[in-house]
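Source file work.txt; content: compact mmCIF, C-alpha atoms and all ligand atoms.
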# COMPACT_ATOMS: atom_id res chain seq x y z
CA MET A 206 25.86 4.85 -2.83
CA SER A 207 24.12 6.44 0.17
CA SER A 208 26.40 5.52 3.05
CA TYR A 209 26.38 7.25 6.44
CA PRO A 210 28.65 7.24 9.51
CA LEU A 211 26.53 5.67 12.28
CA ARG A 212 27.36 5.22 15.96
CA VAL A 213 27.45 1.72 17.41
CA ALA A 214 25.06 2.03 20.35
CA GLN A 215 25.45 -1.44 21.83
CA LYS A 216 27.36 -4.64 21.21
CA ILE A 217 26.13 -8.01 22.44
CA GLN A 218 28.26 -11.16 22.35
CA GLU A 219 25.85 -13.83 21.03
CA ALA A 220 28.37 -16.70 21.02
CA SER A 221 32.16 -16.98 21.22
CA ASP A 222 32.45 -16.14 17.49
CA CYS A 223 29.35 -14.02 16.97
CA ALA A 224 28.22 -10.54 18.00
CA SER A 225 25.24 -8.29 17.43
CA LEU A 226 25.75 -4.57 16.89
CA TRP A 227 22.97 -2.05 17.44
CA PHE A 228 23.26 1.19 15.50
CA ASP A 229 21.78 4.56 16.45
CA VAL A 230 19.95 6.20 13.59
CA PRO A 231 19.76 10.02 13.95
CA VAL A 232 16.26 11.44 13.46
CA ASP A 233 17.14 13.04 10.10
CA LEU A 234 18.26 9.65 8.73
CA ARG A 235 15.34 7.55 9.98
CA SER A 236 13.46 7.57 6.68
CA ALA A 237 16.65 6.68 4.73
CA PHE A 238 17.11 3.66 7.02
CA ASP A 239 13.45 2.59 6.93
CA HIS A 240 13.48 -1.02 5.86
CA ARG A 241 11.51 -4.20 5.29
CA PRO A 242 12.17 -7.48 7.12
CA GLY A 243 14.94 -9.49 5.47
CA GLN A 244 16.84 -6.50 4.04
CA PHE A 245 20.58 -6.00 4.50
CA VAL A 246 23.02 -3.11 4.81
CA ALA A 247 26.56 -2.75 3.44
CA VAL A 248 29.09 -1.98 6.17
CA SER A 249 32.45 -0.42 5.24
CA GLY A 250 35.65 -0.01 7.21
CA GLU A 251 39.38 0.62 6.84
CA ILE A 252 40.90 -2.68 7.88
CA ALA A 253 44.70 -3.09 7.86
CA GLY A 254 44.96 -0.13 5.49
CA GLU A 255 42.41 -1.47 3.04
CA SER A 256 38.85 -0.35 2.48
CA VAL A 257 36.54 -3.37 2.94
CA THR A 258 32.76 -3.51 2.38
CA ARG A 259 30.51 -6.44 3.31
CA GLN A 260 26.77 -6.99 3.56
CA TYR A 261 24.92 -7.83 6.80
CA SER A 262 21.24 -8.65 7.20
CA LEU A 263 19.20 -6.63 9.67
CA SER A 264 18.33 -9.03 12.49
CA SER A 265 16.06 -6.55 14.30
CA SER A 266 12.45 -5.84 13.43
CA PRO A 267 11.80 -2.77 11.27
CA SER A 268 9.51 -1.36 13.96
CA ASP A 269 12.16 -1.52 16.71
CA ALA A 270 12.55 1.97 18.19
CA ARG A 271 16.18 1.31 19.22
CA GLY A 272 17.49 1.65 15.65
CA PHE A 273 18.69 -1.45 13.84
CA ARG A 274 20.86 -4.45 14.59
CA ILE A 275 23.21 -6.64 12.58
CA THR A 276 24.39 -10.06 13.79
CA VAL A 277 27.83 -11.08 12.59
CA LYS A 278 29.46 -14.51 12.74
CA LYS A 279 33.25 -14.50 12.54
CA ILE A 280 34.64 -16.31 9.50
CA PRO A 281 38.13 -17.73 10.20
CA GLY A 282 40.55 -15.28 8.56
CA GLY A 283 37.64 -13.07 7.52
CA ARG A 284 38.56 -9.39 7.53
CA MET A 285 35.27 -7.60 8.12
CA SER A 286 33.64 -10.22 10.35
CA THR A 287 36.74 -10.38 12.61
CA TRP A 288 36.89 -6.58 12.80
CA LEU A 289 33.20 -6.27 13.69
CA VAL A 290 33.17 -9.13 16.23
CA ASP A 291 36.57 -8.50 17.90
CA GLU A 292 37.43 -4.83 17.48
CA VAL A 293 34.49 -2.51 16.97
CA ARG A 294 33.23 -1.12 20.30
CA PRO A 295 30.12 0.78 21.44
CA GLY A 296 30.61 4.47 20.60
CA ASP A 297 32.65 3.71 17.46
CA ILE A 298 31.49 5.21 14.19
CA VAL A 299 31.01 2.81 11.26
CA ASP A 300 30.00 3.58 7.65
CA VAL A 301 26.69 1.91 6.83
CA ALA A 302 24.78 2.10 3.55
CA THR A 303 20.99 2.31 3.41
CA PRO A 304 19.10 -1.04 3.43
CA ARG A 305 18.55 -3.07 0.28
CA GLY A 306 17.27 -6.49 -0.75
CA VAL A 307 14.07 -8.27 -1.73
CA PHE A 308 14.32 -11.50 0.29
CA PHE A 309 10.91 -11.02 1.95
CA LYS A 310 7.73 -11.09 -0.13
CA PRO A 311 4.58 -10.07 1.78
CA LEU A 312 1.76 -12.63 1.52
CA ASP A 313 -1.82 -11.35 1.31
CA GLU A 314 -3.49 -14.74 1.81
CA PRO A 315 -2.74 -17.11 4.73
CA HIS A 316 0.15 -19.46 4.00
CA ARG A 317 2.12 -22.06 5.87
CA VAL A 318 5.62 -20.68 5.84
CA LEU A 319 8.49 -23.08 6.28
CA VAL A 320 11.65 -21.33 7.41
CA PHE A 321 15.04 -23.05 7.46
CA ALA A 322 18.12 -21.26 8.74
CA CYS A 323 21.62 -22.32 9.71
CA GLY A 324 24.07 -20.34 11.85
CA SER A 325 24.07 -16.61 11.07
CA GLY A 326 21.33 -17.33 8.51
CA ILE A 327 18.90 -16.70 11.37
CA ALA A 328 19.56 -12.93 11.02
CA PRO A 329 17.21 -12.12 8.12
CA VAL A 330 14.61 -14.83 8.80
CA LEU A 331 13.92 -13.85 12.42
CA PRO A 332 12.32 -10.49 11.50
CA ILE A 333 10.56 -12.19 8.56
CA ALA A 334 9.02 -14.84 10.84
CA ARG A 335 7.99 -12.16 13.34
CA LYS A 336 6.39 -10.07 10.60
CA LEU A 337 4.42 -13.06 9.28
CA LEU A 338 3.18 -13.94 12.76
CA THR A 339 2.02 -10.40 13.50
CA ASP A 340 0.57 -9.26 10.17
CA GLY A 341 -2.90 -10.52 11.07
CA ARG A 342 -3.28 -12.67 7.96
CA GLY A 343 -3.25 -16.00 9.80
CA HIS A 344 -0.01 -17.54 8.50
CA ARG A 345 1.38 -20.63 10.19
CA VAL A 346 5.15 -20.58 10.59
CA VAL A 347 7.50 -23.52 11.14
CA LEU A 348 11.01 -22.30 12.00
CA ASN A 349 13.79 -24.91 11.81
CA TYR A 350 17.11 -23.58 12.97
CA GLY A 351 20.38 -25.51 12.67
CA SER A 352 23.43 -24.75 14.83
CA ARG A 353 26.52 -26.73 15.73
CA THR A 354 26.27 -26.75 19.53
CA ALA A 355 23.79 -25.37 22.07
CA ASP A 356 26.25 -22.55 22.93
CA GLU A 357 26.30 -21.50 19.28
CA ILE A 358 22.56 -20.96 18.91
CA ILE A 359 22.40 -17.29 17.93
CA LEU A 360 19.51 -15.09 19.16
CA LYS A 361 18.03 -18.16 20.90
CA ASP A 362 15.80 -16.19 23.32
CA GLU A 363 14.13 -14.29 20.49
CA VAL A 364 13.68 -17.42 18.39
CA ASP A 365 12.16 -19.35 21.31
CA GLU A 366 9.93 -16.41 22.17
CA LEU A 367 8.21 -16.76 18.79
CA GLY A 368 7.41 -20.41 19.49
CA ARG A 369 6.18 -19.52 22.97
CA ASP A 370 4.15 -16.42 22.14
CA TYR A 371 2.40 -17.55 18.96
CA ALA A 372 0.29 -20.70 18.76
CA SER A 373 0.67 -20.58 14.97
CA CYS A 374 4.47 -20.88 15.25
CA HIS A 375 6.46 -24.05 15.79
CA VAL A 376 10.21 -23.75 16.46
CA GLU A 377 12.68 -26.61 16.23
CA HIS A 378 16.40 -26.31 16.96
CA VAL A 379 18.66 -28.88 15.31
CA LEU A 380 22.22 -29.39 16.58
CA SER A 381 24.85 -31.01 14.37
CA ARG A 382 27.46 -31.38 17.14
CA ALA A 383 25.50 -31.42 20.40
CA ASP A 384 28.26 -31.60 23.02
CA GLY A 385 26.21 -31.94 26.21
CA PRO A 386 22.74 -32.91 27.38
CA TRP A 387 20.33 -32.03 24.56
CA SER A 388 16.82 -33.39 24.24
CA GLY A 389 16.11 -31.70 20.90
CA ALA A 390 16.77 -32.78 17.30
CA ARG A 391 20.28 -33.80 16.27
CA GLY A 392 21.96 -33.85 12.88
CA ARG A 393 21.80 -31.50 9.92
CA ILE A 394 18.88 -29.91 8.13
CA ASP A 395 19.34 -32.01 5.01
CA ALA A 396 17.14 -34.05 2.66
CA ASP A 397 16.71 -36.81 5.29
CA TYR A 398 15.64 -34.30 7.93
CA LEU A 399 13.17 -32.69 5.51
CA ALA A 400 11.75 -36.08 4.46
CA GLU A 401 11.29 -37.10 8.08
CA ARG A 402 9.45 -33.87 9.02
CA SER A 403 7.49 -33.34 5.80
CA ALA A 404 4.66 -35.77 6.61
CA HIS A 405 3.31 -33.04 8.86
CA TRP A 406 3.80 -30.07 6.49
CA GLU A 407 2.56 -31.78 3.34
CA THR A 408 -0.80 -32.79 4.76
CA GLU A 409 -1.64 -29.20 5.60
CA ASP A 410 -4.13 -27.32 3.50
CA LEU A 411 -2.58 -23.87 3.06
CA PRO A 412 -0.22 -23.08 0.16
CA ALA A 413 3.42 -23.24 1.18
CA VAL A 414 6.27 -20.77 0.94
CA VAL A 415 9.81 -21.70 1.96
CA TYR A 416 12.51 -19.31 3.24
CA LEU A 417 16.11 -20.53 3.24
CA CYS A 418 19.23 -18.87 4.63
CA GLY A 419 22.50 -20.61 5.34
CA PRO A 420 25.38 -22.25 3.45
CA GLU A 421 24.82 -22.68 -0.29
CA ALA A 422 24.99 -26.50 -0.14
CA PHE A 423 22.25 -26.59 2.49
CA MET A 424 20.02 -24.24 0.48
CA ASP A 425 20.65 -26.15 -2.78
CA ALA A 426 19.65 -29.45 -1.10
CA ALA A 427 16.51 -27.94 0.43
CA GLU A 428 15.54 -26.24 -2.84
CA ARG A 429 15.92 -29.53 -4.77
CA TYR A 430 13.82 -31.27 -2.13
CA PHE A 431 10.93 -28.81 -2.34
CA LEU A 432 11.07 -28.51 -6.15
CA ALA A 433 10.80 -32.33 -6.37
CA ARG A 434 7.68 -32.08 -4.22
CA GLY A 435 6.02 -29.72 -6.65
CA LEU A 436 6.74 -26.32 -5.12
CA SER A 437 7.45 -23.64 -7.73
CA GLN A 438 10.86 -21.98 -7.63
CA SER A 439 9.18 -18.66 -6.88
CA ALA A 440 7.77 -20.15 -3.66
CA ILE A 441 11.31 -20.96 -2.48
CA ARG A 442 13.03 -17.78 -1.39
CA ARG A 443 16.71 -17.83 -0.47
CA GLU A 444 19.32 -15.36 0.74
CA SER A 445 22.97 -16.13 -0.03
CA PHE A 446 25.74 -15.08 2.33
CA ASP A 447 28.60 -16.90 0.60
CA LEU A 448 27.60 -17.26 -3.03
CA VAL A 449 30.40 -18.07 -5.47
CA LEU A 450 29.41 -18.13 -9.13
CA THR A 451 30.85 -20.72 -11.51
CA ASP A 452 31.12 -20.86 -15.31
CA ASN A 453 27.95 -23.00 -15.29
CA ASP A 454 26.05 -19.95 -14.11
CA ASP A 455 26.99 -18.04 -17.25
CA GLU A 456 24.88 -19.28 -20.17
CA PRO A 457 22.50 -18.62 -21.78
CA SER A 458 21.55 -15.09 -20.85
CA LEU A 459 17.98 -14.25 -19.90
CA VAL A 460 16.27 -11.55 -21.94
CA ILE A 461 14.48 -9.33 -19.45
CA ALA A 462 12.05 -6.63 -20.51
CA GLY A 463 11.35 -3.51 -18.49
CA SER A 464 8.32 -3.61 -16.20
CA GLU A 465 6.79 -0.61 -17.99
CA ASP A 466 8.05 -0.94 -21.56
CA ALA A 467 10.42 -3.27 -23.44
CA GLY A 468 11.60 -0.36 -25.60
CA GLU A 469 13.18 -0.60 -29.05
CA LEU A 470 15.54 -3.59 -29.25
CA SER A 471 18.98 -2.61 -30.50
CA GLU A 472 22.59 -3.80 -30.29
CA THR A 473 23.58 -0.21 -29.62
CA CYS A 474 22.33 1.45 -26.50
CA VAL A 475 22.51 5.22 -26.73
CA GLU A 476 21.58 6.04 -23.16
CA ILE A 477 21.10 4.54 -19.70
CA VAL A 478 19.05 6.66 -17.32
CA ALA A 479 19.21 5.60 -13.66
CA ASN A 480 17.11 6.81 -10.74
CA VAL A 481 19.33 6.60 -7.72
CA GLY A 482 19.11 8.35 -4.36
CA GLY A 483 16.27 10.52 -5.64
CA GLU A 484 18.43 11.86 -8.50
CA GLU A 485 18.67 11.00 -12.18
CA ALA A 486 21.99 9.85 -13.67
CA ARG A 487 22.62 9.51 -17.43
CA VAL A 488 25.40 7.63 -19.18
CA VAL A 489 26.21 6.25 -22.63
CA PRO A 490 27.37 2.64 -22.23
CA GLU A 491 30.30 1.16 -24.12
CA PRO A 492 29.63 -1.98 -26.18
CA GLY A 493 29.32 -5.05 -23.95
CA GLU A 494 29.55 -3.01 -20.75
CA SER A 495 27.23 -3.96 -17.90
CA ILE A 496 24.65 -1.40 -16.83
CA LEU A 497 26.38 -1.15 -13.45
CA ALA A 498 29.86 -0.71 -14.95
CA ALA A 499 28.60 2.06 -17.23
CA LEU A 500 26.97 3.88 -14.32
CA ILE A 501 30.08 3.56 -12.14
CA ARG A 502 32.19 4.91 -15.02
CA GLY A 503 29.74 7.83 -15.22
CA ASP A 504 30.17 8.53 -11.47
CA ALA A 505 26.53 7.72 -10.67
CA PRO A 506 26.17 7.07 -6.92
CA VAL A 507 24.91 3.51 -7.46
CA PRO A 508 24.99 0.90 -4.67
CA TYR A 509 27.45 -1.89 -5.46
CA SER A 510 30.16 -3.99 -3.96
CA CYS A 511 31.21 -7.27 -5.63
CA GLN A 512 30.37 -6.36 -9.27
CA GLU A 513 29.97 -10.07 -10.00
CA GLY A 514 26.44 -11.00 -8.91
CA THR A 515 27.09 -12.32 -5.42
CA CYS A 516 26.34 -9.49 -2.95
CA SER A 517 22.90 -8.33 -4.25
CA SER A 518 23.79 -4.67 -3.54
CA CYS A 519 23.09 -3.52 -7.11
CA ILE A 520 19.54 -4.89 -7.14
CA SER A 521 17.41 -2.54 -9.19
CA LYS A 522 14.24 -2.41 -11.27
CA LEU A 523 14.50 -2.33 -15.04
CA LYS A 524 11.57 -0.08 -15.94
CA GLN A 525 12.08 0.70 -19.62
CA GLY A 526 14.12 -1.11 -22.23
CA THR A 527 15.41 -4.67 -22.43
CA ALA A 528 18.55 -6.23 -20.99
CA ASN A 529 20.48 -9.48 -21.40
CA VAL A 530 21.01 -10.76 -17.89
CA ARG A 531 23.40 -13.53 -16.92
CA GLN A 532 21.69 -16.73 -15.81
CA ALA A 533 23.46 -16.38 -12.44
CA VAL A 534 20.83 -13.82 -11.45
CA LEU A 535 18.57 -16.78 -10.64
CA LYS A 536 20.86 -17.66 -7.73
CA SER A 537 19.71 -14.48 -5.97
CA LEU A 538 16.38 -13.58 -7.57
CA ARG A 539 13.38 -15.76 -8.36
CA GLN A 540 11.30 -15.75 -11.55
CA ASP A 541 8.55 -13.69 -9.92
CA ASP A 542 11.14 -11.05 -8.95
CA ILE A 543 12.36 -11.00 -12.54
CA ASP A 544 8.78 -10.75 -13.81
CA GLU A 545 8.56 -7.51 -11.80
CA GLY A 546 11.64 -6.23 -13.67
CA LEU A 547 14.11 -6.80 -10.82
CA VAL A 548 17.69 -7.41 -11.97
CA LEU A 549 21.24 -7.26 -10.66
CA ALA A 550 22.70 -4.37 -12.66
CA CYS A 551 26.19 -5.90 -12.63
CA LEU A 552 24.89 -8.96 -14.51
CA ALA A 553 22.82 -6.96 -17.03
CA THR A 554 23.89 -5.50 -20.38
CA PRO A 555 21.61 -3.31 -22.49
CA ALA A 556 19.75 -4.99 -25.40
CA SER A 557 17.67 -1.95 -26.35
CA LYS A 558 18.30 1.56 -27.55
CA ARG A 559 17.48 3.10 -24.19
CA ILE A 560 17.38 1.82 -20.64
CA LEU A 561 15.58 3.29 -17.64
CA ILE A 562 16.61 1.57 -14.41
CA ASP A 563 15.55 2.44 -10.88
CA PHE A 564 17.75 1.68 -7.85
CA ASP A 565 15.32 3.32 -5.41
CA ASP A 566 12.06 1.55 -6.28
CA ILE A 567 12.85 -2.01 -5.21
C1 LIG B 601 23.08 -10.22 1.32
C2 LIG B 601 24.07 -10.72 2.34
C3 LIG B 601 23.72 -10.73 3.69
C4 LIG B 601 24.63 -11.20 4.64
N1 LIG B 601 24.28 -11.21 5.95
C5 LIG B 601 25.13 -11.67 6.89
C6 LIG B 601 24.75 -11.69 8.27
O1 LIG B 601 23.65 -11.30 8.66
N2 LIG B 601 25.66 -12.18 9.18
C7 LIG B 601 26.90 -12.64 8.79
O2 LIG B 601 27.68 -13.04 9.67
N3 LIG B 601 27.28 -12.63 7.48
C8 LIG B 601 26.43 -12.14 6.53
N4 LIG B 601 26.82 -12.09 5.21
C9 LIG B 601 28.21 -12.49 4.87
C10 LIG B 601 29.14 -11.26 5.00
O3 LIG B 601 28.78 -10.29 4.03
C11 LIG B 601 30.60 -11.58 4.74
O4 LIG B 601 30.74 -12.28 3.54
C12 LIG B 601 31.23 -12.41 5.86
O5 LIG B 601 31.10 -11.72 7.12
C13 LIG B 601 32.71 -12.67 5.58
O6 LIG B 601 33.36 -11.46 5.33
P1 LIG B 601 34.88 -11.25 5.80
O7 LIG B 601 35.34 -9.92 5.29
O8 LIG B 601 34.96 -11.48 7.27
O9 LIG B 601 35.61 -12.46 5.09
P2 LIG B 601 36.60 -12.36 3.82
O10 LIG B 601 37.86 -11.70 4.25
O11 LIG B 601 35.85 -11.78 2.68
O12 LIG B 601 36.77 -13.89 3.49
C14 LIG B 601 37.61 -14.77 4.17
C15 LIG B 601 37.41 -16.17 3.62
O13 LIG B 601 36.12 -16.67 4.03
C16 LIG B 601 35.33 -17.05 2.90
N5 LIG B 601 33.97 -16.59 3.19
C17 LIG B 601 33.47 -15.34 2.98
N6 LIG B 601 32.20 -15.27 3.40
C18 LIG B 601 31.88 -16.48 3.88
C19 LIG B 601 30.72 -17.03 4.49
N7 LIG B 601 29.61 -16.28 4.68
N8 LIG B 601 30.75 -18.33 4.88
C20 LIG B 601 31.86 -19.08 4.71
N9 LIG B 601 33.00 -18.61 4.15
C21 LIG B 601 33.02 -17.34 3.75
C22 LIG B 601 35.93 -16.33 1.71
O14 LIG B 601 35.73 -17.08 0.51
C23 LIG B 601 37.42 -16.24 2.09
O15 LIG B 601 38.08 -17.41 1.73
C24 LIG B 601 25.92 -11.66 4.24
C25 LIG B 601 26.26 -11.64 2.88
C26 LIG B 601 25.36 -11.18 1.96
C27 LIG B 601 25.74 -11.16 0.49
S1 LIG B 602 27.48 -5.47 -7.21
FE1 LIG B 602 27.30 -7.31 -6.06
S2 LIG B 602 25.59 -8.28 -7.01
FE2 LIG B 602 25.97 -6.58 -8.28

Would you encode the structure as structure tokens?
Amino acid sequence: MSSYPLRVAQKIQEASDCASLWFDVPVDLRSAFDHRPGQFVAVSGEIAGESVTRQYSLSSSPSDARGFRITVKKIPGGRMSTWLVDEVRPGDIVDVATPRGVFFKPLDEPHRVLVFACGSGIAPVLPIARKLLTDGRGHRVVLNYGSRTADEIILKDEVDELGRDYASCHVEHVLSRADGPWSGARGRIDADYLAERSAHWETEDLPAVVYLCGPEAFMDAAERYFLARGLSQSAIRRESFDLVLTDNDDEPSLVIAGSEDAGELSETCVEIVANVGGEEARVVPEPGESILAALIRGDAPVPYSCQEGTCSSCISKLKQGTANVRQAVLKSLRQDDIDEGLVLACLATPASKRILIDFDDI
């Protein structure tokens, strides 16, 4: 995996349990850290003698000349989030891998884009909303942002700026535990909230796309709500920070063909070729081994972390051949992603004689 030691240029306390870290990107690494809105990086550190890696969305805009920013909310007892929020200081060097992820899908035609975020879920959707409002295509953006209290609203100035600066953007903050004077919306962004607000969105003419980022239960409820109202699953994009897969996510496998060629189907795969970091890696998989596991065994420098389909680091494009991919992939990727050949390599096992998979072209 392409990981680089980067200097923390600035740290900003966003709330008592949340901090943003700006990273300097040296000139020779700028193209490696080029990114799209909504992408994330993997951050690694030695914490209490153990090497820990976690993913953090880039909360800055790709065009920001200062470098890039992550915004981290401390999880009680969480190793990496506590280290980043409480211990890392400006000037410290932290290992950061190059950006990955396919949360954002550019839209050529004007759309009404409904964005729902809770807590640190604002990190990837803020640059997405900004991109949609500035791409000149005439999208209308509704940004609904849930926090517990007014003090816990992360990146509030930047969120409010979007509502102020763009007539085509409407911002609503929703507080679940407003603890002082608050004239805005109260409660949670749940099915009742969506039903109450939808009269406005559903009478609009443009096609709708929904972005969701926050706790799984919140995203599941919102997805069910919009599916029941006729939106296709591909129009509902979600980014999971705390995904836990269950046995129900296991069966049956999806059969996914390469975007260029499905290849010759076979129970025995004789070779996996992977494009990664501009190089080509080759490995012969063992029976039943995932594509990722085979490549790790072959020392290919593939990006990965959880190896169980929850961190999205191993996202890659199956170009040639066919793979059986665990159903759980649909928790992170949508059908239109899969139609483009995108897979999570840790959930995919070869179902053809040869596999060509690309970790760079995502
Ligand atoms: C693609 C992606 C993007 C992400 N972007 C961000 C981001 O922008 N900002 C951010 O703050 N976090 C983000 N996360 C979550 C982050 O990667 C870590 O999972 C989180 O910081 C907790 O790590 P930890 O080492 O502190 O906790 P751990 O030591 O791993 O876990 C401690 C306990 O907390 C639970 N836990 C772990 N993660 C969560 C969670 N997110 N919510 C609730 N409970 C949890 C664990 O099950 C465990 O019981 C993202 C995750 C992914 C996969
Ligand atoms: S390694 Fe985490 S999703 Fe594959």

Each chain A residue no farther than 7 Å from ligand LIG 601 (chain B), nearest pair in Å, all atoms listed in the file, as JSON lines:
{"residue": "A:Phe245", "atom": "CA", "partner": "B:LIG601", "partner_atom": "C3", "distance": 5.7}
{"residue": "A:Arg259", "atom": "CA", "partner": "B:LIG601", "partner_atom": "O3", "distance": 4.3}
{"residue": "A:Gln260", "atom": "CA", "partner": "B:LIG601", "partner_atom": "O3", "distance": 3.9}
{"residue": "A:Tyr261", "atom": "CA", "partner": "B:LIG601", "partner_atom": "N1", "distance": 3.5}
{"residue": "A:Ser262", "atom": "CA", "partner": "B:LIG601", "partner_atom": "O1", "distance": 3.9}
{"residue": "A:Leu263", "atom": "CA", "partner": "B:LIG601", "partner_atom": "O1", "distance": 6.5}
{"residue": "A:Ser264", "atom": "CA", "partner": "B:LIG601", "partner_atom": "O1", "distance": 6.9}
{"residue": "A:Ile275", "atom": "CA", "partner": "B:LIG601", "partner_atom": "O1", "distance": 6.1}
{"residue": "A:Thr276", "atom": "CA", "partner": "B:LIG601", "partner_atom": "N2", "distance": 5.2}
{"residue": "A:Val277", "atom": "CA", "partner": "B:LIG601", "partner_atom": "O2", "distance": 3.5}
{"residue": "A:Lys278", "atom": "CA", "partner": "B:LIG601", "partner_atom": "O2", "distance": 3.8}
{"residue": "A:Lys279", "atom": "CA", "partner": "B:LIG601", "partner_atom": "O8", "distance": 6.3}
{"residue": "A:Ile280", "atom": "CA", "partner": "B:LIG601", "partner_atom": "O8", "distance": 5.3}
{"residue": "A:Pro281", "atom": "CA", "partner": "B:LIG601", "partner_atom": "O13", "distance": 6.6}
{"residue": "A:Gly282", "atom": "CA", "partner": "B:LIG601", "partner_atom": "C14", "distance": 5.3}
{"residue": "A:Gly283", "atom": "CA", "partner": "B:LIG601", "partner_atom": "O8", "distance": 3.1}
{"residue": "A:Arg284", "atom": "CA", "partner": "B:LIG601", "partner_atom": "O7", "distance": 4.0}
{"residue": "A:Met285", "atom": "CA", "partner": "B:LIG601", "partner_atom": "O7", "distance": 3.7}
{"residue": "A:Ser286", "atom": "CA", "partner": "B:LIG601", "partner_atom": "O8", "distance": 3.6}
{"residue": "A:Thr287", "atom": "CA", "partner": "B:LIG601", "partner_atom": "O8", "distance": 5.7}
{"residue": "A:Ser325", "atom": "CA", "partner": "B:LIG601", "partner_atom": "N2", "distance": 5.1}
{"residue": "A:Gly326", "atom": "CA", "partner": "B:LIG601", "partner_atom": "O1", "distance": 6.5}
{"residue": "A:Ala328", "atom": "CA", "partner": "B:LIG601", "partner_atom": "O1", "distance": 5.0}
{"residue": "A:Pro329", "atom": "CA", "partner": "B:LIG601", "partner_atom": "O1", "distance": 6.5}
{"residue": "A:Pro420", "atom": "CA", "partner": "B:LIG601", "partner_atom": "N8", "distance": 6.8}
{"residue": "A:Glu444", "atom": "CA", "partner": "B:LIG601", "partner_atom": "C1", "distance": 6.4}
{"residue": "A:Ser445", "atom": "CA", "partner": "B:LIG601", "partner_atom": "C27", "distance": 5.7}
{"residue": "A:Phe446", "atom": "CA", "partner": "B:LIG601", "partner_atom": "C25", "distance": 3.5}
{"residue": "A:Asp447", "atom": "CA", "partner": "B:LIG601", "partner_atom": "N7", "distance": 4.2}
{"residue": "A:Thr515", "atom": "CA", "partner": "B:LIG601", "partner_atom": "C27", "distance": 6.2}
{"residue": "A:Cys516", "atom": "CA", "partner": "B:LIG601", "partner_atom": "C27", "distance": 3.9}
{"residue": "A:Ser517", "atom": "CA", "partner": "B:LIG601", "partner_atom": "C1", "distance": 5.9}

Neighbours of A:Asp362 within 12 Å (only C-alpha atoms; same-chain residues fewer than 5 positions away dropped), as a PDB file with C-alpha atoms, keeping the file's coordinate frame?
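Resulting contents of out.pdb:
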ATOM      1  CA  GLU A 219      25.850 -13.830  21.030  1.00  0.00           C
ATOM      2  CA  LEU A 331      13.920 -13.850  12.420  1.00  0.00           C
ATOM      3  CA  LEU A 367       8.210 -16.760  18.790  1.00  0.00           C
ATOM      4  CA  GLY A 368       7.410 -20.410  19.490  1.00  0.00           C
ATOM      5  CA  ARG A 369       6.180 -19.520  22.970  1.00  0.00           C
ATOM      6  CA  ASP A 370       4.150 -16.420  22.140  1.00  0.00           C
ATOM      7  CA  VAL A 376      10.210 -23.750  16.460  1.00  0.00           C
ATOM      8  CA  HIS A 378      16.400 -26.310  16.960  1.00  0.00           C
TER       9      HIS A 378
END

From A:Glu513, A:Glu491, A:Glu255, A:Asp544, residue lying nearest ligand LIG 602 (chain B) [all atoms listed in the file]: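 That would be A:Glu513, the residue with the smallest distance to ligand LIG 602 (chain B).
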
Atom CA of A:Tyr398 and atom CA of A:Gln244, how far apart in Å? 28.1 Å

Atom pair atom CA of A:Gly468 / atom FE1 of ligand LIG 602 (chain B): separation (Å):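 Spanning atom CA of A:Gly468 to atom FE1 of ligand LIG 602 (chain B) is a straight-line distance of 26.0 Å.
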
To one decimal in Å, tell me the separation between atom CA of A:Lys558 and atom CA of A:Glu472.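 Going from atom CA of A:Lys558 over to atom CA of A:Glu472 covers 7.4 Å.
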
Would you give the centre and edge lengths, in Å to one decimal, of a box along x, y and z around the listed atoms of ligand LIG 602 (chain B), with 6 Å added to each side, as AutoDock Vina command-line options?
--center_x 26.5 --center_y -6.9 --center_z -7.2 --size_x 13.9 --size_y 14.8 --size_z 14.2

Fewer than 4 positions away in the same chain doesn't count, so skip those; otherwise give me all residues within 7 Å of A:His375, counting only C-alpha atoms, as a ChimeraX atom specification. /A:346-348,368

Counting all atoms listed in the file, what are the residues, protein, DNA or RNA alike, that approach ligand LIG 602 (chain B) to within 9 Å? I want them as a list in words. Leu497, Pro508, Tyr509, Ser510, Cys511, Gln512, Glu513, Gly514, Thr515, Cys516, Ser517, Ser518, Cys519, Ile520, Val534, Ser537, Leu549, Ala550, Cys551 and Leu552 of chain A

List as a ChimeraX atom specification the protein and nucleic acid residues near A:Arg434, meaning an atom at most 12 Å away when all atoms listed in the file are counted, but skip any in the same chain fewer than 3 places from it. /A:396,399-400,403-404,406-407,413,427-431,437-438,440-441

Using all atoms listed in the file, can you tell me which of A:Pro315, A:Ala422, A:Ala486, A:Gly272 comes closest to A:Ser236? A:Gly272

What would the list of residues within 8 Å of (16.8, -14.0, 2.1) (file frame) look like as a PyMOL selection string, if all atoms listed in the file are what count? chain A and resi 243-244+307-309+329-330+416-418+442-445
